[in-house]
Amino acid sequence: MTSIAGKTILITGATDGLGKEVAKRALHAGAIVLIHGRNKQKGERVVTELINETNKDTIHYYNADLASLQEVKDLSQHITSEHDKIDVLINNAAIGGGPKGGAERELSADGFELRFAVNHLAHFLLTQNLLSILKQSAPSRIVHVSSIGQMPIDFDDIMMENKFDSYTAYCRSKLAQILYGFELAEKLEGSQVTVNSLHPATLMDTNMVHEFFGKVNSTINDGADVVDHVAFSPETEHISGAYFNQKREAKANAQAYDKEARNKLWQVSEKLVSPFFL
Ligand SMILES: NC(=O)c1ccc[n+]([C@@H]2O[C@H](COP(=O)([O-])OP(=O)(O)OC[C@H]3O[C@@H](n4cnc5c(N)ncnc54)[C@H](OP(=O)(O)O)[C@@H]3O)[C@@H](O)[C@H]2O)c1
């Protein structure tokens, strides 16, 4: 891992699973680590735990339920009011497929399909709201923790009002992150802000996997090694607009290469979140 001592790293969904391990490693390496979660007590517990484990205290907790765009706006405001630098933004928080057999269709506080809202829209808004600080901090990096579980978005039914299936909703939201990542990388060309998406590891030992699959096939450390590689390694420093299947650059689902689909997703996302832009 490249030296990230003194760098400011923001990780969403860092109160558990992969995000928490990435935060621990970054803290251990001397970074200023901004961790985000949706449960204040749990967040404070994680801060104490990581300080005790690493003997470092450059860690700050930010609370926001990503199922509310107002909370995402407040989160962006809170972070920008306290920091004038973000070197790496890791968009990691997500809701998985739900319980085994699938969840009922649920809506976010803004009335949007929940997985699309939390996994994609909230990160779209957060990233757009933090873009000026990321540009100011260049060279800087944006990393989308997506998944190999990708399914094309149905633009005639983005909110899945017709046939709903929670795992399909998850896979669509994970592909949405990649479409957004590819498009944003293009828009940021020449800015020295890179944007990449990744699949960390398959069936890591985390809550969302236990809940939906009931079996695991890899460790959180496997996934954290991949995030380290894409977010911090000198090897990936100049790569932008890529999708990594673990440590290797790979092809994402075909829809990610469809410029029209990417534009459409951008326009829809922008319209839905625009009342919450800073
Ligand atoms: N596990 C795998 O095998 C696997 C495979 C491919 C991709 N991924 C991706 O890896 C990333 C991390 O997943 P994980 O496996 O580490 O899952 P996890 O252990 O369930 O952790 C998810 C994190 O997101 C937070 N979160 C969920 N909903 C939220 C909301 N509405 N607002 C704010 N925070 C919210 C959770 O908070 P709480 O602590 O409060 O629950 C937790 O910190 C996800 O993007 C996932 O899609 C995982």
# chains A, B, ... in the order shown; residues from 1 in each chain; ligands from 1

call {"tool": "residues_near_ligand", "arguments": {"ligand": "ligand 1", "cutoff": "7 Å", "atoms": "only C-alpha atoms and all ligand atoms", "output": "number ranges by chain"}}
result
A: 12-19, 37-39, 64-67, 92-96, 118, 145-148, 174, 199-209

call {"tool": "write_last_selection", "arguments": {"atoms": "N, CA and C atoms", "output": "short mmCIF file (atom, residue, chain, number, x, y, z; two decimals), in the first residue's frame"}}
result
data_model
loop_
_atom_site.label_atom_id
_atom_site.label_comp_id
_atom_site.auth_asym_id
_atom_site.auth_seq_id
_atom_site.Cartn_x
_atom_site.Cartn_y
_atom_site.Cartn_z
N THR A 12 -17.95 5.48 3.42
CA THR A 12 -19.36 5.33 3.83
C THR A 12 -19.58 3.88 4.27
N GLY A 13 -20.52 3.71 5.18
CA GLY A 13 -20.84 2.36 5.66
C GLY A 13 -19.63 1.69 6.29
N ALA A 14 -18.98 2.42 7.21
CA ALA A 14 -17.76 1.89 7.82
C ALA A 14 -17.99 1.40 9.25
N THR A 15 -19.25 1.16 9.60
CA THR A 15 -19.55 0.68 10.95
C THR A 15 -19.57 -0.85 11.01
N ASP A 16 -19.35 -1.50 9.87
CA ASP A 16 -19.39 -2.96 9.86
C ASP A 16 -18.67 -3.48 8.62
N GLY A 17 -18.49 -4.78 8.57
CA GLY A 17 -18.03 -5.47 7.36
C GLY A 17 -16.79 -4.87 6.72
N LEU A 18 -16.84 -4.78 5.41
CA LEU A 18 -15.70 -4.33 4.62
C LEU A 18 -15.26 -2.90 4.97
N GLY A 19 -16.23 -2.00 5.07
CA GLY A 19 -15.90 -0.59 5.34
C GLY A 19 -15.14 -0.42 6.64
N GLY A 37 -21.76 6.15 9.21
CA GLY A 37 -22.71 5.08 9.50
C GLY A 37 -24.09 5.67 9.72
N ARG A 38 -25.06 4.80 10.05
CA ARG A 38 -26.44 5.29 10.21
C ARG A 38 -26.93 5.17 11.64
N ASN A 39 -26.06 4.63 12.52
CA ASN A 39 -26.47 4.41 13.90
C ASN A 39 -25.38 5.02 14.80
N ALA A 64 -25.47 9.45 9.18
CA ALA A 64 -26.52 9.82 8.21
C ALA A 64 -27.16 8.55 7.68
N ASP A 65 -28.48 8.53 7.67
CA ASP A 65 -29.18 7.43 7.02
C ASP A 65 -29.22 7.75 5.53
N LEU A 66 -28.58 6.92 4.73
CA LEU A 66 -28.51 7.20 3.29
C LEU A 66 -29.86 6.99 2.61
N ALA A 67 -30.84 6.50 3.36
CA ALA A 67 -32.19 6.38 2.80
C ALA A 67 -32.92 7.71 2.84
N ASN A 92 -19.01 2.97 -0.08
CA ASN A 92 -19.05 1.54 0.26
C ASN A 92 -20.39 1.08 0.86
N ALA A 93 -21.11 1.96 1.54
CA ALA A 93 -22.34 1.54 2.23
C ALA A 93 -23.32 0.92 1.25
N ALA A 94 -24.04 -0.08 1.70
CA ALA A 94 -25.06 -0.67 0.83
C ALA A 94 -26.01 -1.54 1.63
N ILE A 95 -27.19 -1.70 1.03
CA ILE A 95 -28.14 -2.71 1.51
C ILE A 95 -28.04 -3.86 0.52
N GLY A 96 -27.96 -5.07 1.03
CA GLY A 96 -27.86 -6.24 0.16
C GLY A 96 -29.23 -6.73 -0.28
N VAL A 118 -30.38 4.03 -1.72
CA VAL A 118 -29.24 3.99 -0.79
C VAL A 118 -27.94 3.70 -1.53
N VAL A 145 -17.55 0.97 -4.32
CA VAL A 145 -17.57 -0.45 -4.00
C VAL A 145 -18.87 -1.01 -4.58
N SER A 146 -18.73 -1.63 -5.75
CA SER A 146 -19.87 -2.20 -6.45
C SER A 146 -19.87 -3.71 -6.20
N SER A 147 -20.19 -4.48 -7.22
CA SER A 147 -20.24 -5.93 -7.05
C SER A 147 -20.18 -6.60 -8.42
N ILE A 148 -19.82 -7.87 -8.40
CA ILE A 148 -19.88 -8.66 -9.63
C ILE A 148 -21.36 -8.98 -9.94
N LYS A 174 -26.06 -1.87 -8.04
CA LYS A 174 -24.61 -2.04 -8.10
C LYS A 174 -24.10 -1.70 -9.51
N HIS A 199 -15.34 -4.87 -7.64
CA HIS A 199 -15.96 -6.00 -6.94
C HIS A 199 -14.93 -6.48 -5.92
N PRO A 200 -15.23 -6.39 -4.61
CA PRO A 200 -14.19 -6.68 -3.62
C PRO A 200 -13.82 -8.17 -3.51
N ALA A 201 -14.78 -9.01 -3.32
CA ALA A 201 -14.58 -10.46 -3.17
C ALA A 201 -15.97 -11.06 -3.11
N THR A 202 -16.05 -12.35 -3.39
CA THR A 202 -17.38 -12.98 -3.49
C THR A 202 -17.77 -13.64 -2.17
N LEU A 203 -18.96 -13.30 -1.71
CA LEU A 203 -19.51 -13.87 -0.47
C LEU A 203 -18.55 -13.74 0.72
N MET A 204 -18.17 -12.48 0.97
CA MET A 204 -17.35 -12.22 2.16
C MET A 204 -18.18 -12.46 3.41
N ASP A 205 -17.45 -12.64 4.49
CA ASP A 205 -18.07 -12.96 5.76
C ASP A 205 -18.68 -11.70 6.40
N THR A 206 -19.76 -11.19 5.82
CA THR A 206 -20.38 -9.95 6.35
C THR A 206 -21.88 -10.14 6.55
N ASN A 207 -22.47 -9.16 7.22
CA ASN A 207 -23.91 -9.25 7.56
C ASN A 207 -24.79 -9.48 6.35
N MET A 208 -24.54 -8.69 5.28
CA MET A 208 -25.46 -8.79 4.14
C MET A 208 -25.38 -10.17 3.49
N VAL A 209 -24.22 -10.79 3.55
CA VAL A 209 -24.05 -12.12 2.96
C VAL A 209 -24.70 -13.18 3.85
#

call {"tool": "select_by_dssp", "arguments": {"residues": "range 75-124 of chain A", "states": "helix (DSSP H, G or I)", "output": "VMD selection string"}}
result
chain A and resid 75 to 82 114 to 124

call {"tool": "write_last_selection", "arguments": {"atoms": "N, CA and C atoms", "output": "PDB file, in the first residue's frame"}}
result
ATOM      1  N   LEU A  75     -25.025  15.517   5.698  1.00  0.00           N
ATOM      2  CA  LEU A  75     -23.725  14.847   5.836  1.00  0.00           C
ATOM      3  C   LEU A  75     -22.662  15.578   5.013  1.00  0.00           C
ATOM      4  N   SER A  76     -23.005  15.908   3.766  1.00  0.00           N
ATOM      5  CA  SER A  76     -22.045  16.619   2.902  1.00  0.00           C
ATOM      6  C   SER A  76     -21.669  17.955   3.530  1.00  0.00           C
ATOM      7  N   GLN A  77     -22.696  18.637   4.061  1.00  0.00           N
ATOM      8  CA  GLN A  77     -22.458  19.949   4.675  1.00  0.00           C
ATOM      9  C   GLN A  77     -21.554  19.824   5.900  1.00  0.00           C
ATOM     10  N   HIS A  78     -21.861  18.821   6.711  1.00  0.00           N
ATOM     11  CA  HIS A  78     -21.119  18.588   7.946  1.00  0.00           C
ATOM     12  C   HIS A  78     -19.638  18.321   7.622  1.00  0.00           C
ATOM     13  N   ILE A  79     -19.412  17.466   6.635  1.00  0.00           N
ATOM     14  CA  ILE A  79     -18.027  17.113   6.280  1.00  0.00           C
ATOM     15  C   ILE A  79     -17.289  18.328   5.700  1.00  0.00           C
ATOM     16  N   THR A  80     -17.945  19.041   4.780  1.00  0.00           N
ATOM     17  CA  THR A  80     -17.239  20.172   4.143  1.00  0.00           C
ATOM     18  C   THR A  80     -17.007  21.316   5.139  1.00  0.00           C
ATOM     19  N   SER A  81     -17.844  21.381   6.193  1.00  0.00           N
ATOM     20  CA  SER A  81     -17.620  22.454   7.163  1.00  0.00           C
ATOM     21  C   SER A  81     -16.437  22.125   8.082  1.00  0.00           C
ATOM     22  N   GLU A  82     -16.088  20.851   8.177  1.00  0.00           N
ATOM     23  CA  GLU A  82     -15.009  20.470   9.103  1.00  0.00           C
ATOM     24  C   GLU A  82     -13.704  20.078   8.418  1.00  0.00           C
ATOM     25  N   LEU A 114     -35.760   1.466  -2.430  1.00  0.00           N
ATOM     26  CA  LEU A 114     -34.746   1.618  -1.377  1.00  0.00           C
ATOM     27  C   LEU A 114     -33.305   1.297  -1.803  1.00  0.00           C
ATOM     28  N   ARG A 115     -33.125   0.211  -2.531  1.00  0.00           N
ATOM     29  CA  ARG A 115     -31.735  -0.156  -2.885  1.00  0.00           C
ATOM     30  C   ARG A 115     -31.150   0.813  -3.915  1.00  0.00           C
ATOM     31  N   PHE A 116     -31.968   1.222  -4.866  1.00  0.00           N
ATOM     32  CA  PHE A 116     -31.531   2.235  -5.832  1.00  0.00           C
ATOM     33  C   PHE A 116     -31.183   3.530  -5.079  1.00  0.00           C
ATOM     34  N   ALA A 117     -32.015   3.873  -4.092  1.00  0.00           N
ATOM     35  CA  ALA A 117     -31.833   5.130  -3.343  1.00  0.00           C
ATOM     36  C   ALA A 117     -30.567   5.104  -2.491  1.00  0.00           C
ATOM     37  N   VAL A 118     -30.383   4.033  -1.725  1.00  0.00           N
ATOM     38  CA  VAL A 118     -29.243   3.989  -0.787  1.00  0.00           C
ATOM     39  C   VAL A 118     -27.937   3.695  -1.534  1.00  0.00           C
ATOM     40  N   ASN A 119     -27.973   2.652  -2.361  1.00  0.00           N
ATOM     41  CA  ASN A 119     -26.713   2.190  -2.959  1.00  0.00           C
ATOM     42  C   ASN A 119     -26.232   3.120  -4.069  1.00  0.00           C
ATOM     43  N   HIS A 120     -27.176   3.658  -4.857  1.00  0.00           N
ATOM     44  CA  HIS A 120     -26.764   4.548  -5.945  1.00  0.00           C
ATOM     45  C   HIS A 120     -27.034   6.037  -5.677  1.00  0.00           C
ATOM     46  N   LEU A 121     -28.328   6.394  -5.507  1.00  0.00           N
ATOM     47  CA  LEU A 121     -28.676   7.834  -5.463  1.00  0.00           C
ATOM     48  C   LEU A 121     -27.959   8.594  -4.347  1.00  0.00           C
ATOM     49  N   ALA A 122     -27.900   8.006  -3.156  1.00  0.00           N
ATOM     50  CA  ALA A 122     -27.272   8.690  -2.020  1.00  0.00           C
ATOM     51  C   ALA A 122     -25.800   8.951  -2.321  1.00  0.00           C
ATOM     52  N   HIS A 123     -25.139   7.973  -2.950  1.00  0.00           N
ATOM     53  CA  HIS A 123     -23.714   8.155  -3.269  1.00  0.00           C
ATOM     54  C   HIS A 123     -23.524   9.125  -4.428  1.00  0.00           C
ATOM     55  N   PHE A 124     -24.488   9.118  -5.362  1.00  0.00           N
ATOM     56  CA  PHE A 124     -24.442  10.112  -6.451  1.00  0.00           C
ATOM     57  C   PHE A 124     -24.475  11.509  -5.837  1.00  0.00           C
TER      58      PHE A 124
END

call {"tool": "residues_around", "arguments": {"residues": "range 149-154 of chain A", "least_positions_apart": "6", "cutoff": "6 Å", "atoms": "only C-alpha atoms", "output": "ChimeraX atom specification"}}
result
/A:171-172,174-175

call {"tool": "residues_around", "arguments": {"residues": "Glu211 in chain A", "least_positions_apart": "5", "cutoff": "10 Å", "atoms": "only C-alpha atoms", "output": "ChimeraX atom specification"}}
result
/A:96-102,206

call {"tool": "residues_around", "arguments": {"residues": "Thr127 in chain A", "least_positions_apart": "2", "cutoff": "10 Å", "atoms": "only C-alpha atoms", "output": "number ranges by chain"}}
result
A: 76, 89-91, 121-125, 129-134, 142, 184

call {"tool": "atom_distance", "arguments": {"atom1": "CA of Leu10 in chain A", "atom2": "CA of Asp57 in chain A"}}
result
15.0 Å

call {"tool": "residues_around", "arguments": {"residues": "range 226-237 of chain A", "least_positions_apart": "5", "cutoff": "10 Å", "atoms": "only C-alpha atoms", "output": "PyMOL selection string"}}
result
chain A and resi 1-4+9+18-19+22+25-26+87-90+92+139-145+192-201+221+242-249

call {"tool": "residues_around", "arguments": {"residues": "Asp156 in chain A", "least_positions_apart": "6", "cutoff": "12 Å", "atoms": "only C-alpha atoms", "output": "list of chain:residue names"}}
result
A:Asn162, A:Lys163, A:Ala261, A:Lys264, A:Leu265, A:Val268

call {"tool": "closest_residue", "arguments": {"among": "A:Ile220, A:Ile178, A:Leu34, A:Ala185", "to": "Asp258 in chain A", "atoms": "only C-alpha atoms"}}
result
A:Ile178

call {"tool": "closest_residue", "arguments": {"among": "A:Lys187, A:Val46, A:His238, A:Phe164", "to": "Glu21 in chain A", "atoms": "only C-alpha atoms"}}
result
A:Val46

call {"tool": "closest_residue", "arguments": {"among": "A:Arg262, A:Gln128, A:Phe112, A:Thr48", "to": "Asp157 in chain A", "atoms": "only C-alpha atoms"}}
result
A:Phe112

call {"tool": "closest_residue", "arguments": {"among": "A:Ser269, A:Thr168, A:Thr54, A:Ser274", "to": "His28 in chain A", "atoms": "only C-alpha atoms"}}
result
A:Thr54

call {"tool": "atom_distance", "arguments": {"atom1": "CA of Leu27 in chain A", "atom2": "CA of Lys56 in chain A"}}
result
6.6 Å

call {"tool": "select_by_dssp", "arguments": {"residues": "range 76-249 of chain A", "states": "strand (DSSP E or B)", "output": "list in words"}}
result
Val88, Leu89, Ile90, Asn91, Leu107, Glu113, Ser140, Arg141, Ile142, Val143, His144, Val145, Val193, Thr194, Val195, Asn196, Ser197, Leu198, His199, Met204, Ser218, Ala242, Tyr243, Phe244, Asn245, Arg248 and Glu249 of chain A

call {"tool": "closest_residue", "arguments": {"among": "A:Met159, A:Val33, A:Ala252, A:Leu107", "to": "Gly181 in chain A", "atoms": "only C-alpha atoms"}}
result
A:Ala252

call {"tool": "atom_distance", "arguments": {"atom1": "CA of Asp84 in chain A", "atom2": "CA of Lys7 in chain A"}}
result
11.7 Å

call {"tool": "closest_residue", "arguments": {"among": "A:Ile239, A:Gly214, A:Glu183, A:Leu278", "to": "Tyr257 in chain A", "atoms": "only C-alpha atoms"}}
result
A:Glu183
